[in-house]
Amino acid sequence: MTDERQNWTMAISSRRGWLDIDLKELWRYRDLILLFVRRDFVTVYKQTILGPMWFLLQPLFSTLVFTVVFGRIAKIPTDGLPQPLFYMSAIVAWNYFAACLTSTSNSLAANAGIFGKVYFPRLTVPLSVVITNLLTFIIQFGVFLCFLLFFYLRGAAIKPNAFILFVPLLILQMGVLGLGFGVLVSSLTTKYRDLTFGVAFGVQLWMYATPIVYPMSQIPERWQWLFALNPMAAIIEVFRYAFLGAGSAKPLHLVMSLGVTVVVLVLSLILFRRVEKTFMDTI
Amino acid sequence: MGQLAIKIEDVSKEYRLGIIGHGMLYRDLQSWWARVRGEEDPNAMVGSQQPAGPTGNDRFLALNDVSMEVKQGDTVGIIGRNGAGKSTLLKILSRVTAPTRGMIRLNGRVASLLEVGTGFHLELTGRENVFLNGAILGMNRHKSFYNRLSKLITK
């Protein structure tokens, strides 16, 4: 036989490493990721009357409700910022993170039909979900910028500052964080379906643990470290500070948030690697 | 002599029979807690005495040390009774699931023959669906794909 000198293009075995994500393979499948993005983006609002208008309506109405409920009725302070801007800045950012998390978290179970028929890198699906949500975020972010400009021209007390340069990093971090938590959940949901219910509920509660309807400055000094453990807290505070110029973002909190993000990402990739090879047997 | 296209060495695939998990976290925790205290598993099937574990015979070998070679250009059929493991072997070959033991080496590309409609999206156009399915099978959208497509589709 000639097989010892033969060069094989592919090997399948039961062995698995801890973190051997095949980035080259993922890159070869970049077309698939883009097509998934296109598919998801095009099909979301098919068979709806308002169609893409939903992208705009959703943050607008949330802002309106928050302004009335938390601003006017509950009278929660907003660091002296105009209430609509205070809420909208956080809503737009939070929505991106929350959408990444929830849609990634059921990506394995939802695509079991294709996964069971053919091989392609499983990570393409969660990745495409994050990119799709990024597009949505950019649209909603545009709405926010329009509001920002409107208030700015009317002379509201807002001071956009150099922290804006950090915003792309914050967006990346939110994407990674959403992907990490989502992949973690989706790896576990292949076995435990409970978590699917937990996610929607959990994200809702998590929102109130994040300074979205209240500023970080309302938290007593000695409890702030606890809030900083929530990686989204620092992100939202810095995001808001960059555009509006008020808030109490501390560098330490941002570092903690980055640390948590990295840990979550590594953990999720390890778990995903373990699950992806055999999850079709248990799903 | 043609080169080898597929070489399968001592491949086994083991499935656990019966309850894989209870599908719910709290039941798994309940069973685990019962095992820790040495009590009977409240979720075990009535009458089953032996504990489920790596040594229990609740495991089923769908493939047991399968070895074979396929040369380039060969056409091979796999024949067997129900439950013989034909589909399991093909699933492992197409990397839908991983083997429990053993090693498979391939030279070339695997293209699973998909059922009509797998991964088809009614909201997309026919052309978009072609590209999506092509990409799922690992084809890039480079020129040869486009050229062949325009040859196949006559407007």
# chains A, B, ... in the order shown; residues from 1 in each chain; ligands from 1
$ residues_around --residues "range 148-159 of chain A" --least-positions-apart "2" --cutoff "6 Å" --atoms "only C-alpha atoms" --output "list in words"
Leu145, Cys146, Leu244 and Gly245 of chain A
$ write_last_selection --atoms "C-alpha atoms" --output "JSON list (two decimals), in the first residue's frame"
[["chain", "number", "residue", "atom", "x", "y", "z"],
["A", 145, "LEU", "CA", -27.04, 59.98, 16.82],
["A", 146, "CYS", "CA", -29.92, 61.91, 15.25],
["A", 244, "LEU", "CA", -23.16, 62.63, 26.97],
["A", 245, "GLY", "CA", -20.24, 63.54, 29.21]]
$ residues_around --residues "Ala5 in chain B" --least-positions-apart "4" --cutoff "10 Å" --atoms "only C-alpha atoms" --output "PyMOL selection string"
(chain A and resi 3+6+8-9) or (chain B and resi 69-74+105-109)
$ closest_atom_pairs --of "chain A" --to "chain B" --cutoff "8 Å" --atoms "only C-alpha atoms" --output "JSON lines"
{"residue": "A:Thr2", "atom": "CA", "partner": "B:Gln3", "partner_atom": "CA", "distance": 7.3}
{"residue": "A:Asp3", "atom": "CA", "partner": "B:Leu4", "partner_atom": "CA", "distance": 6.9}
{"residue": "A:Gln6", "atom": "CA", "partner": "B:Gln3", "partner_atom": "CA", "distance": 7.6}
{"residue": "A:Asn7", "atom": "CA", "partner": "B:Asn107", "partner_atom": "CA", "distance": 7.5}
{"residue": "A:Trp8", "atom": "CA", "partner": "B:Asn107", "partner_atom": "CA", "distance": 4.8}
{"residue": "A:Thr9", "atom": "CA", "partner": "B:Asn107", "partner_atom": "CA", "distance": 4.8}
{"residue": "A:Met10", "atom": "CA", "partner": "B:Leu106", "partner_atom": "CA", "distance": 5.0}
{"residue": "A:Ala11", "atom": "CA", "partner": "B:Arg105", "partner_atom": "CA", "distance": 4.4}
{"residue": "A:Ile12", "atom": "CA", "partner": "B:Ile104", "partner_atom": "CA", "distance": 4.9}
{"residue": "A:Ser13", "atom": "CA", "partner": "B:Met103", "partner_atom": "CA", "distance": 4.6}
{"residue": "A:Ser14", "atom": "CA", "partner": "B:Pro99", "partner_atom": "CA", "distance": 5.3}
{"residue": "A:Arg28", "atom": "CA", "partner": "B:Asn140", "partner_atom": "CA", "distance": 7.6}
{"residue": "A:Tyr29", "atom": "CA", "partner": "B:Gly138", "partner_atom": "CA", "distance": 6.5}
{"residue": "A:Asp31", "atom": "CA", "partner": "B:Asn140", "partner_atom": "CA", "distance": 6.3}
{"residue": "A:Leu32", "atom": "CA", "partner": "B:Ala135", "partner_atom": "CA", "distance": 4.9}
{"residue": "A:Leu35", "atom": "CA", "partner": "B:Leu132", "partner_atom": "CA", "distance": 6.1}
{"residue": "A:Phe36", "atom": "CA", "partner": "B:Leu132", "partner_atom": "CA", "distance": 7.6}
{"residue": "A:Arg39", "atom": "CA", "partner": "B:Leu124", "partner_atom": "CA", "distance": 7.2}
{"residue": "A:Thr43", "atom": "CA", "partner": "B:Glu123", "partner_atom": "CA", "distance": 6.2}
{"residue": "A:Lys46", "atom": "CA", "partner": "B:Glu123", "partner_atom": "CA", "distance": 7.4}
{"residue": "A:Gly113", "atom": "CA", "partner": "B:Thr118", "partner_atom": "CA", "distance": 7.5}
{"residue": "A:Ile114", "atom": "CA", "partner": "B:Gly119", "partner_atom": "CA", "distance": 5.8}
{"residue": "A:Phe115", "atom": "CA", "partner": "B:Val96", "partner_atom": "CA", "distance": 6.8}
{"residue": "A:Gly116", "atom": "CA", "partner": "B:Val96", "partner_atom": "CA", "distance": 6.0}
{"residue": "A:Lys117", "atom": "CA", "partner": "B:Leu114", "partner_atom": "CA", "distance": 6.7}
{"residue": "A:Val118", "atom": "CA", "partner": "B:Ser112", "partner_atom": "CA", "distance": 6.1}
{"residue": "A:Tyr119", "atom": "CA", "partner": "B:Val96", "partner_atom": "CA", "distance": 5.5}
{"residue": "A:Phe120", "atom": "CA", "partner": "B:Ile136", "partner_atom": "CA", "distance": 6.2}
{"residue": "A:Lys191", "atom": "CA", "partner": "B:Gly23", "partner_atom": "CA", "distance": 5.6}
{"residue": "A:Tyr192", "atom": "CA", "partner": "B:Gly23", "partner_atom": "CA", "distance": 4.8}
{"residue": "A:Arg193", "atom": "CA", "partner": "B:Gly23", "partner_atom": "CA", "distance": 6.1}
{"residue": "A:Asp194", "atom": "CA", "partner": "B:Met24", "partner_atom": "CA", "distance": 5.9}
{"residue": "A:Lys277", "atom": "CA", "partner": "B:Ala98", "partner_atom": "CA", "distance": 5.4}
{"residue": "A:Thr278", "atom": "CA", "partner": "B:Thr97", "partner_atom": "CA", "distance": 5.0}
{"residue": "A:Phe279", "atom": "CA", "partner": "B:Thr97", "partner_atom": "CA", "distance": 7.5}
{"residue": "A:Met280", "atom": "CA", "partner": "B:Thr97", "partner_atom": "CA", "distance": 6.3}
{"residue": "A:Asp281", "atom": "CA", "partner": "B:Thr97", "partner_atom": "CA", "distance": 7.2}
{"residue": "A:Thr282", "atom": "CA", "partner": "B:Ile20", "partner_atom": "CA", "distance": 7.0}
$ write_last_selection --atoms "C-alpha atoms" --output "PDB file, in the first residue's frame"
ATOM      1  CA  THR A   2       1.102   3.524  -0.697  1.00  0.00           C
ATOM      2  CA  ASP A   3      -0.708   5.080   2.179  1.00  0.00           C
ATOM      3  CA  GLN A   6      -0.002   9.761   0.919  1.00  0.00           C
ATOM      4  CA  ASN A   7      -1.019  13.209   2.062  1.00  0.00           C
ATOM      5  CA  TRP A   8      -4.446  13.287   3.592  1.00  0.00           C
ATOM      6  CA  THR A   9      -6.555  16.371   3.464  1.00  0.00           C
ATOM      7  CA  MET A  10      -8.690  15.603   6.455  1.00  0.00           C
ATOM      8  CA  ALA A  11      -8.597  13.502   9.598  1.00  0.00           C
ATOM      9  CA  ILE A  12     -11.530  12.582  11.782  1.00  0.00           C
ATOM     10  CA  SER A  13     -10.906  11.241  15.245  1.00  0.00           C
ATOM     11  CA  SER A  14     -12.338  11.264  18.704  1.00  0.00           C
ATOM     12  CA  ARG A  28     -12.576  29.486   4.363  1.00  0.00           C
ATOM     13  CA  TYR A  29     -16.254  29.459   5.269  1.00  0.00           C
ATOM     14  CA  ASP A  31     -18.887  33.190   2.449  1.00  0.00           C
ATOM     15  CA  LEU A  32     -21.228  31.016   4.438  1.00  0.00           C
ATOM     16  CA  LEU A  35     -24.818  34.325   3.433  1.00  0.00           C
ATOM     17  CA  PHE A  36     -26.213  33.471   6.867  1.00  0.00           C
ATOM     18  CA  ARG A  39     -30.467  35.299   5.137  1.00  0.00           C
ATOM     19  CA  THR A  43     -35.930  37.150   6.484  1.00  0.00           C
ATOM     20  CA  LYS A  46     -40.602  39.250   5.936  1.00  0.00           C
ATOM     21  CA  GLY A 113     -32.000  20.327  11.039  1.00  0.00           C
ATOM     22  CA  ILE A 114     -29.018  21.375   8.923  1.00  0.00           C
ATOM     23  CA  PHE A 115     -26.426  20.328  11.483  1.00  0.00           C
ATOM     24  CA  GLY A 116     -27.771  16.794  11.336  1.00  0.00           C
ATOM     25  CA  LYS A 117     -27.282  16.534   7.590  1.00  0.00           C
ATOM     26  CA  VAL A 118     -24.013  18.131   6.724  1.00  0.00           C
ATOM     27  CA  TYR A 119     -20.795  19.342   8.253  1.00  0.00           C
ATOM     28  CA  PHE A 120     -19.709  22.940   8.312  1.00  0.00           C
ATOM     29  CA  LYS A 191     -28.769  18.863  26.911  1.00  0.00           C
ATOM     30  CA  TYR A 192     -30.805  21.056  29.199  1.00  0.00           C
ATOM     31  CA  ARG A 193     -33.735  22.754  27.574  1.00  0.00           C
ATOM     32  CA  ASP A 194     -34.574  24.640  30.765  1.00  0.00           C
ATOM     33  CA  LYS A 277     -18.625  17.163  17.894  1.00  0.00           C
ATOM     34  CA  THR A 278     -21.298  15.050  19.463  1.00  0.00           C
ATOM     35  CA  PHE A 279     -24.255  17.284  20.279  1.00  0.00           C
ATOM     36  CA  MET A 280     -26.205  15.813  17.386  1.00  0.00           C
ATOM     37  CA  ASP A 281     -26.439  12.592  19.397  1.00  0.00           C
ATOM     38  CA  THR A 282     -28.227  14.223  22.302  1.00  0.00           C
TER      39      THR A 282
END
$ select_by_dssp --residues "range 52-152 of chain B" --states "strand (DSSP E)" --output "VMD selection string"
chain B and resid 59 to 71 101 to 106
$ write_last_selection --atoms "N, CA and C atoms" --output "PDB file, in the first residue's frame"
ATOM      1  N   ARG B  59     -24.906   0.597  27.501  1.00  0.00           N
ATOM      2  CA  ARG B  59     -24.222   1.207  26.359  1.00  0.00           C
ATOM      3  C   ARG B  59     -24.357   0.293  25.149  1.00  0.00           C
ATOM      4  N   PHE B  60     -24.390   0.925  24.025  1.00  0.00           N
ATOM      5  CA  PHE B  60     -24.620   0.178  22.802  1.00  0.00           C
ATOM      6  C   PHE B  60     -23.571   0.573  21.784  1.00  0.00           C
ATOM      7  N   LEU B  61     -22.880  -0.429  21.259  1.00  0.00           N
ATOM      8  CA  LEU B  61     -21.867  -0.144  20.253  1.00  0.00           C
ATOM      9  C   LEU B  61     -22.512  -0.192  18.871  1.00  0.00           C
ATOM     10  N   ALA B  62     -22.705   0.958  18.281  1.00  0.00           N
ATOM     11  CA  ALA B  62     -23.294   0.990  16.945  1.00  0.00           C
ATOM     12  C   ALA B  62     -22.258   0.542  15.917  1.00  0.00           C
ATOM     13  N   LEU B  63     -21.015   0.925  16.142  1.00  0.00           N
ATOM     14  CA  LEU B  63     -19.911   0.478  15.299  1.00  0.00           C
ATOM     15  C   LEU B  63     -18.861  -0.116  16.219  1.00  0.00           C
ATOM     16  N   ASN B  64     -18.343  -1.287  15.843  1.00  0.00           N
ATOM     17  CA  ASN B  64     -17.354  -1.934  16.692  1.00  0.00           C
ATOM     18  C   ASN B  64     -16.110  -2.217  15.860  1.00  0.00           C
ATOM     19  N   ASP B  65     -15.084  -1.423  16.043  1.00  0.00           N
ATOM     20  CA  ASP B  65     -13.810  -1.586  15.344  1.00  0.00           C
ATOM     21  C   ASP B  65     -13.969  -1.797  13.842  1.00  0.00           C
ATOM     22  N   VAL B  66     -14.541  -0.829  13.199  1.00  0.00           N
ATOM     23  CA  VAL B  66     -14.712  -0.916  11.746  1.00  0.00           C
ATOM     24  C   VAL B  66     -13.450  -0.395  11.063  1.00  0.00           C
ATOM     25  N   SER B  67     -12.938  -1.179  10.133  1.00  0.00           N
ATOM     26  CA  SER B  67     -11.800  -0.702   9.345  1.00  0.00           C
ATOM     27  C   SER B  67     -12.073  -0.987   7.882  1.00  0.00           C
ATOM     28  N   MET B  68     -11.804  -0.037   7.046  1.00  0.00           N
ATOM     29  CA  MET B  68     -11.927  -0.271   5.608  1.00  0.00           C
ATOM     30  C   MET B  68     -11.208   0.818   4.832  1.00  0.00           C
ATOM     31  N   GLU B  69     -10.981   0.522   3.569  1.00  0.00           N
ATOM     32  CA  GLU B  69     -10.316   1.515   2.728  1.00  0.00           C
ATOM     33  C   GLU B  69     -11.106   1.675   1.445  1.00  0.00           C
ATOM     34  N   VAL B  70     -11.151   2.875   0.944  1.00  0.00           N
ATOM     35  CA  VAL B  70     -11.794   3.125  -0.345  1.00  0.00           C
ATOM     36  C   VAL B  70     -10.768   3.809  -1.231  1.00  0.00           C
ATOM     37  N   LYS B  71     -10.586   3.224  -2.424  1.00  0.00           N
ATOM     38  CA  LYS B  71      -9.607   3.836  -3.334  1.00  0.00           C
ATOM     39  C   LYS B  71     -10.262   4.916  -4.155  1.00  0.00           C
ATOM     40  N   ARG B 101     -14.073   6.061  19.262  1.00  0.00           N
ATOM     41  CA  ARG B 101     -12.666   5.656  19.146  1.00  0.00           C
ATOM     42  C   ARG B 101     -12.316   5.545  17.675  1.00  0.00           C
ATOM     43  N   GLY B 102     -11.032   5.508  17.399  1.00  0.00           N
ATOM     44  CA  GLY B 102     -10.612   5.251  16.029  1.00  0.00           C
ATOM     45  C   GLY B 102     -10.313   6.511  15.253  1.00  0.00           C
ATOM     46  N   MET B 103      -9.964   6.291  14.001  1.00  0.00           N
ATOM     47  CA  MET B 103      -9.427   7.391  13.203  1.00  0.00           C
ATOM     48  C   MET B 103      -9.877   7.202  11.757  1.00  0.00           C
ATOM     49  N   ILE B 104     -10.265   8.286  11.140  1.00  0.00           N
ATOM     50  CA  ILE B 104     -10.606   8.236   9.716  1.00  0.00           C
ATOM     51  C   ILE B 104      -9.778   9.292   9.004  1.00  0.00           C
ATOM     52  N   ARG B 105      -9.181   8.896   7.889  1.00  0.00           N
ATOM     53  CA  ARG B 105      -8.459   9.895   7.105  1.00  0.00           C
ATOM     54  C   ARG B 105      -9.075   9.976   5.723  1.00  0.00           C
ATOM     55  N   LEU B 106      -9.184  11.182   5.250  1.00  0.00           N
ATOM     56  CA  LEU B 106      -9.829  11.402   3.965  1.00  0.00           C
ATOM     57  C   LEU B 106      -8.911  12.192   3.059  1.00  0.00           C
TER      58      LEU B 106
END
$ atom_distance --atom1 "CA of Trp225 in chain A" --atom2 "CA of Pro211 in chain A"
13.3 Å
$ residues_around --residues "Phe166 in chain A" --least-positions-apart "6" --cutoff "9 Å" --atoms "only C-alpha atoms" --output "list in words"
Val238, Phe239 and Ala242 of chain A
$ write_last_selection --atoms "C-alpha atoms" --output "mmCIF file, in the first residue's frame"
data_model
loop_
_atom_site.group_PDB
_atom_site.id
_atom_site.type_symbol
_atom_site.label_atom_id
_atom_site.label_comp_id
_atom_site.auth_asym_id
_atom_site.auth_seq_id
_atom_site.Cartn_x
_atom_site.Cartn_y
_atom_site.Cartn_z
ATOM 1 C CA VAL A 238 -18.520 54.403 29.480
ATOM 2 C CA PHE A 239 -20.718 54.310 26.379
ATOM 3 C CA ALA A 242 -18.510 59.124 25.788
#
$ atom_distance --atom1 "CA of Thr67 in chain A" --atom2 "CA of Leu177 in chain A"
27.6 Å
$ residues_around --residues "Cys100 in chain A" --least-positions-apart "2" --cutoff "7 Å" --atoms "only C-alpha atoms" --output "ChimeraX atom specification"
/A:96-98,102-104,129-130,133,175,178-179
$ atom_distance --atom1 "CA of Gln218 in chain A" --atom2 "CA of Pro160 in chain A"
21.7 Å
$ residues_around --residues "Val167 in chain A" --least-positions-apart "4" --cutoff "12 Å" --atoms "only C-alpha atoms" --output "PyMOL selection string"
chain A and resi 89+93+141+160-163+171-174+235-243
$ write_last_selection --atoms "C-alpha atoms" --output "PDB file, in the first residue's frame"
ATOM      1  CA  SER A  89     -27.942  55.645  24.797  1.00  0.00           C
ATOM      2  CA  ALA A  93     -26.213  49.459  23.518  1.00  0.00           C
ATOM      3  CA  PHE A 141     -27.238  53.764  16.709  1.00  0.00           C
ATOM      4  CA  PRO A 160     -19.433  64.420  23.770  1.00  0.00           C
ATOM      5  CA  ASN A 161     -15.750  63.799  24.439  1.00  0.00           C
ATOM      6  CA  ALA A 162     -12.651  61.873  23.435  1.00  0.00           C
ATOM      7  CA  PHE A 163     -13.990  58.659  24.969  1.00  0.00           C
ATOM      8  CA  ILE A 171     -19.136  47.548  20.629  1.00  0.00           C
ATOM      9  CA  LEU A 172     -16.662  44.758  19.967  1.00  0.00           C
ATOM     10  CA  GLN A 173     -16.630  43.859  23.639  1.00  0.00           C
ATOM     11  CA  MET A 174     -20.421  43.724  23.796  1.00  0.00           C
ATOM     12  CA  ILE A 235     -19.629  49.202  29.218  1.00  0.00           C
ATOM     13  CA  ILE A 236     -22.929  51.059  29.474  1.00  0.00           C
ATOM     14  CA  GLU A 237     -21.470  53.720  31.780  1.00  0.00           C
ATOM     15  CA  VAL A 238     -18.520  54.403  29.480  1.00  0.00           C
ATOM     16  CA  PHE A 239     -20.718  54.310  26.379  1.00  0.00           C
ATOM     17  CA  ARG A 240     -23.010  56.884  27.932  1.00  0.00           C
ATOM     18  CA  TYR A 241     -20.138  58.977  29.227  1.00  0.00           C
ATOM     19  CA  ALA A 242     -18.510  59.124  25.788  1.00  0.00           C
ATOM     20  CA  PHE A 243     -21.541  60.702  24.145  1.00  0.00           C
TER      21      PHE A 243
END
$ decode --residues "range 83-106 of chain B" --atoms "N, CA and C atoms" --output "CSV table (one decimal), in the first residue's frame"
chain,number,residue,atom,x,y,z
B,83,GLY,N,-30.3,-1.2,11.7
B,83,GLY,CA,-29.5,-1.1,12.9
B,83,GLY,C,-28.1,-1.6,12.8
B,84,ALA,N,-27.7,-1.9,11.6
B,84,ALA,CA,-26.3,-2.5,11.4
B,84,ALA,C,-25.3,-1.4,11.6
B,85,GLY,N,-25.7,-0.1,11.4
B,85,GLY,CA,-24.7,0.9,11.6
B,85,GLY,C,-24.3,1.6,10.4
B,86,LYS,N,-25.1,1.4,9.3
B,86,LYS,CA,-24.7,2.1,8.0
B,86,LYS,C,-24.8,3.6,8.2
B,87,SER,N,-25.9,4.1,8.7
B,87,SER,CA,-26.1,5.5,8.8
B,87,SER,C,-25.1,6.1,9.8
B,88,THR,N,-24.8,5.4,10.8
B,88,THR,CA,-23.8,5.9,11.8
B,88,THR,C,-22.5,6.1,11.2
B,89,LEU,N,-22.1,5.1,10.3
B,89,LEU,CA,-20.8,5.2,9.7
B,89,LEU,C,-20.8,6.4,8.7
B,90,LEU,N,-21.9,6.6,8.0
B,90,LEU,CA,-21.9,7.7,7.1
B,90,LEU,C,-22.0,9.1,7.8
B,91,LYS,N,-22.6,9.1,9.0
B,91,LYS,CA,-22.7,10.3,9.8
B,91,LYS,C,-21.3,10.7,10.3
B,92,ILE,N,-20.5,9.7,10.6
B,92,ILE,CA,-19.2,10.0,11.1
B,92,ILE,C,-18.3,10.4,9.9
B,93,LEU,N,-18.5,9.8,8.8
B,93,LEU,CA,-17.8,10.2,7.6
B,93,LEU,C,-18.1,11.6,7.2
B,94,SER,N,-19.3,12.0,7.3
B,94,SER,CA,-19.6,13.4,7.0
B,94,SER,C,-19.5,14.4,8.1
B,95,ARG,N,-18.9,13.9,9.2
B,95,ARG,CA,-18.5,14.7,10.3
B,95,ARG,C,-19.7,15.4,11.0
B,96,VAL,N,-20.9,14.7,10.9
B,96,VAL,CA,-22.0,15.2,11.7
B,96,VAL,C,-21.8,14.9,13.1
B,97,THR,N,-21.3,13.7,13.4
B,97,THR,CA,-21.0,13.4,14.8
B,97,THR,C,-19.6,12.7,14.8
B,98,ALA,N,-19.0,12.7,16.0
B,98,ALA,CA,-17.6,12.2,16.1
B,98,ALA,C,-17.6,10.8,16.5
B,99,PRO,N,-16.6,10.0,16.1
B,99,PRO,CA,-16.4,8.6,16.6
B,99,PRO,C,-16.0,8.6,18.0
B,100,THR,N,-16.3,7.5,18.7
B,100,THR,CA,-15.9,7.4,20.1
B,100,THR,C,-14.4,6.9,20.2
B,101,ARG,N,-14.1,6.1,19.3
B,101,ARG,CA,-12.7,5.7,19.1
B,101,ARG,C,-12.3,5.5,17.7
B,102,GLY,N,-11.0,5.5,17.4
B,102,GLY,CA,-10.6,5.3,16.0
B,102,GLY,C,-10.3,6.5,15.3
B,103,MET,N,-10.0,6.3,14.0
B,103,MET,CA,-9.4,7.4,13.2
B,103,MET,C,-9.9,7.2,11.8
B,104,ILE,N,-10.3,8.3,11.1
B,104,ILE,CA,-10.6,8.2,9.7
B,104,ILE,C,-9.8,9.3,9.0
B,105,ARG,N,-9.2,8.9,7.9
B,105,ARG,CA,-8.5,9.9,7.1
B,105,ARG,C,-9.1,10.0,5.7
B,106,LEU,N,-9.2,11.2,5.2
B,106,LEU,CA,-9.8,11.4,4.0
B,106,LEU,C,-8.9,12.2,3.1
